[in-house]
Structures are given as C-alpha cells and as structure tokens.
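Asks: For reference, the structure I am asking about is given below.
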Amino acid sequence: MMLKQYCFRQALRASQVHLCPPAANARPSLPICHTHRQSFHHSSFHTVQEPSSQSYEPKHPTNIRININDHVKLISLGQGIINVVLSRPNKLNSLCIPMFEAIAEAASMLRNDKELNKGLRVVIISGEGRAFCSGLDAKGVALSGPKSSLNTLLKRPSGYGEEDGVGNLAQDVCYLWRKLPVPVIAVLHGYCFGGGLQIALGADLRFATPDCKLSIMESRWGLIPDMSASIVLREIVRIDVAKELTMTGRIISGTEAESLGLVTRCVDDPMEEALKVTREIIARSPDSVAASKELFQSTWMEANDATCLEKETTLQLKLIGTWNQAAAAGR
C-alpha cells in the first residue's frame, strides 16, 4: 500500500493535476490516481419505467479531497464525515474497469491511509447524477479486452484488501466497506442494479427513495451475483427472498425493497436521512460505534467469508462463456 501511494504521489506531481481548493478547515489533499480509458455504457434497463428525474449533486463540491480516476470523489463534509461519490454521471455510474479500481482504492485508502482516516467517523456512499449505480458497463468492460478485464476482476487477492485480503477486485468494491471500522451508509436513488446493488449491500445502512429501482440483475446475463452477495444477502433477507430476487432478476421499487429488508429505510431525501443518522452516530463514542460494527459482523453468521467469496468465483467461472450464458446475454 505504501508503494502504491508513493506511486500516486509521483503521478500527481508529474501530471500537475489541479484539485478544487479545499475548505479552510480541510486537511491537505491526498494523491490522485488517473487512469485514462475509454468507456461505453451498456443500457440493460431501457424498458424499465423511469424513476423520478431527481438528480443528486455532491454536497460541498469544493471540499474534494481526492479524485480517483475521475470516477470516484472523496469529499469532506466536516466532523469526520467523508462522502464517497460515484462520479460517472453521464453513464449512470456504471462499472467499467477504472470505476472498479477507483471504488476499491477509495475503500482501501479510507481503511489504511492514516492521514485520511484520522478522525474518520462515518462514510456516506452516493451516486452523482440520476443514479446510484446502474451496474456493470458490459460493453465498456468487453472493449477493454474481455480476457484482460476478466483477469483484472477475478484475480485473488486483489491487493486492495492488504495483508488480510480474501476477495478479488469485483468483490472488494463491495466487501471492503465492511472492513472499515466506521459506519458506511449508502444513499440510493434512480437505478441500483446488479453490481451497484451489491456495492450498496456492502454498506452498514441503506436509505433509498420510494421510486428507486433495484435489482439483482445478473440472471438476465445467465450469471450469478458474485460480488460478495453470498455474504451480504444472507445477513439482511430470508433465503427464499434472496433466491427469488436472484433467480428472477426482477426490478423492485425502493418501497418494496424496504418491505423485504433490502434497504434500511425508504425516504424522499435519502441523503438528508443519511446526514441525520450520521449526526446521531457521531454524538456517540467512536470506540463504541466501531466495536458495535465489529461485534455484529464477527458473530452474525458463522460461515467463513473466504469460502463464500471463493465459491462465488468458482461458480461464476463455470457460467462465463457457456451457451446458456451467451443466450441470456443476447436476449
């Protein structure tokens, strides 16, 4: 990690990238990683009834601390609150390879960078524009080179989880949020499909708009959800609900997601709700809050995480490239 951060700092000096000026009380900006790759959005939801045109813009945009790959922004909201903003709004924050890398890097830095996580109390993940995250940018990933992209996503461990890493890159964009010693809150609006939903499930709390569209969409491609769903889903919904949502890939509203337990609460303004809950959390002992998270995540379920993650990848590799998977993807 130290070598990686050193390389980021050297790249920043070489590229002479300029950040928006931080607020007067903000700490100095940290390294920026820029990866220049062309991406193409794959729309797998054009037949879905559009949710409201509500668009989310980052709060305090001048407080940007880090901009990773031009895809993820880390914005300081003060009082130890960091807003991780998925920032590919023109593609509905769909997941291309640079986006995967940026999200995993953000989680890794918040966990391991002592300057960044000093005084950290709460992390809020949100999506810029009209969606939280519309899922995999299948066309963009394919055009990046199917074989190399697959290797990048499925190499285990990814390296972002440090010494105790057990996930690949696809899994770590969701799983690593569980490793942060502070609460992570996901703010959902617009579309939250496939990998986007799994990222949200990696958070401790989820607040969604009533008309947010959510789906475990992988079955539409003849695949399974393999981004740590086998860990996060078992903690929040019944097994029959997990199976039904996974096998059908059907799209549900934020209201139904709340009734199923998939989201914590359904509210008109999930960002405001997240900030309200955050204010309540930061009024408590940071040690107590951290211990509460560790307590439940270490005791809630007994299955071994590494076994779950390995099983996801093993099953996924059996599906990728098969006739049925290709047929499902071509529908």
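The chains in the structure tokens are called A, B, ... from first to last as shown; in each chain the residues are counted from 1, and the ligands are counted from 1 in the order shown.
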Residues at most 10 Å from Val122 in chain A, counting only C-alpha atoms, excluding those fewer than 6 positions away in the same chain, as a ChimeraX atom specification?

Replies: /A:79-83,180-185,274-275,277-279,281-282,286,289

Asks: What's around Val232 in chain A at 8 Å? Count only C-alpha atoms, leave out sequence neighbours fewer than 4 positions away in its own chain, and write the answer as a list in words.

Replies: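 Everything that qualifies: Leu201, Gly202, Ser228 and Ile236 of chain A.
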
Asks: Quick one: write out the picked residues with all heavy atoms as a CSV table (one decimal), in the first residue's frame?

Replies:
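File again-v4.csv, as written:
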```
chain,number,residue,atom,x,y,z
A,201,LEU,N,-25.2,-3.1,-0.7
A,201,LEU,CA,-25.3,-4.1,0.3
A,201,LEU,C,-24.1,-4.3,1.2
A,201,LEU,O,-24.1,-4.8,2.3
A,201,LEU,CB,-25.7,-5.5,-0.3
A,201,LEU,CG,-27.0,-5.5,-1.1
A,201,LEU,CD1,-27.2,-6.9,-1.7
A,201,LEU,CD2,-28.2,-5.2,-0.1
A,202,GLY,N,-22.9,-3.8,0.7
A,202,GLY,CA,-21.7,-3.8,1.4
A,202,GLY,C,-21.7,-2.8,2.5
A,202,GLY,O,-20.9,-2.8,3.4
A,228,SER,N,-19.8,-10.6,-3.6
A,228,SER,CA,-19.9,-10.7,-2.1
A,228,SER,C,-21.4,-10.9,-1.7
A,228,SER,O,-21.7,-10.8,-0.5
A,228,SER,CB,-19.2,-9.6,-1.3
A,228,SER,OG,-19.9,-8.4,-1.3
A,236,ILE,N,-29.4,-10.0,5.6
A,236,ILE,CA,-30.4,-9.0,5.6
A,236,ILE,C,-31.8,-9.4,5.1
A,236,ILE,O,-32.8,-8.8,5.4
A,236,ILE,CB,-30.0,-7.7,4.9
A,236,ILE,CG1,-29.6,-8.0,3.4
A,236,ILE,CG2,-28.8,-7.0,5.6
A,236,ILE,CD1,-29.3,-6.8,2.6
```

Asks: Give me, as CSV, the closest atom pair and its distance (Å, one decimal) for every residue of range 117-152 of chain A within a cut-off of 10 Å of range 263-273 of chain A, counting only C-alpha atoms, rows sorted by chain and rising number.

Replies:
```
residue,atom,partner,partner_atom,distance
A:Ile124,CA,A:Met271,CA,8.6
A:Ile125,CA,A:Met271,CA,9.5
A:Ser126,CA,A:Met271,CA,8.1
```

Asks: Using only C-alpha atoms, which of the listed residues (A:Glu115, A:Glu258, A:Asp226, A:Glu280) sits closest to Asp172 in chain A?

Replies: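 Closest to Asp172 in chain A of all the choices is A:Asp226.
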
Asks: Find, counting only C-alpha atoms, the residue in A:Ser253, A:Leu205, A:Met301, A:Tyr191 that gets nearest to Arg234 in chain A.

Replies: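 Closest to Arg234 in chain A of all the choices is A:Met301.
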
Asks: Could you check how far CA of Gln54 in chain A sits from CA of Gly196 in chain A, in Å to one decimal?

Replies: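 If I compute the distance from CA of Gln54 in chain A to CA of Gly196 in chain A, I get 18.0 Å.
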
Asks: My list of candidates is A:Ala104, A:Ala242, A:Ala329, A:Leu223. Which is closest to Cys174 in chain A when distances are computed with only C-alpha atoms?

Replies: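 The shortest atom-to-atom distance to Cys174 in chain A comes from A:Ala104.
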
Asks: Ranking A:Ile224, A:Leu116, A:Leu92, A:Leu176 by minimum distance to Lys318 in chain A and counting only C-alpha atoms, which one comes first?

Replies: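 Among the listed residues, A:Ile224 lies closest to Lys318 in chain A.
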
Asks: As a ChimeraX atom specification, which residues of range 53-302 of chain A does DSSP assign to alpha helix (DSSP H)?

Replies: /A:97-112,114-117,138-143,146-154,169-175,195-201,229-236,239-248,254-260,270-282,286-299

Asks: Under the rule that only C-alpha atoms are counted, which of A:Gly159, A:Pro146, A:Gly78, A:Pro89 is the nearest residue to Gly119 in chain A?

Replies: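 For Gly119 in chain A, the nearest of the given residues is A:Gly78.
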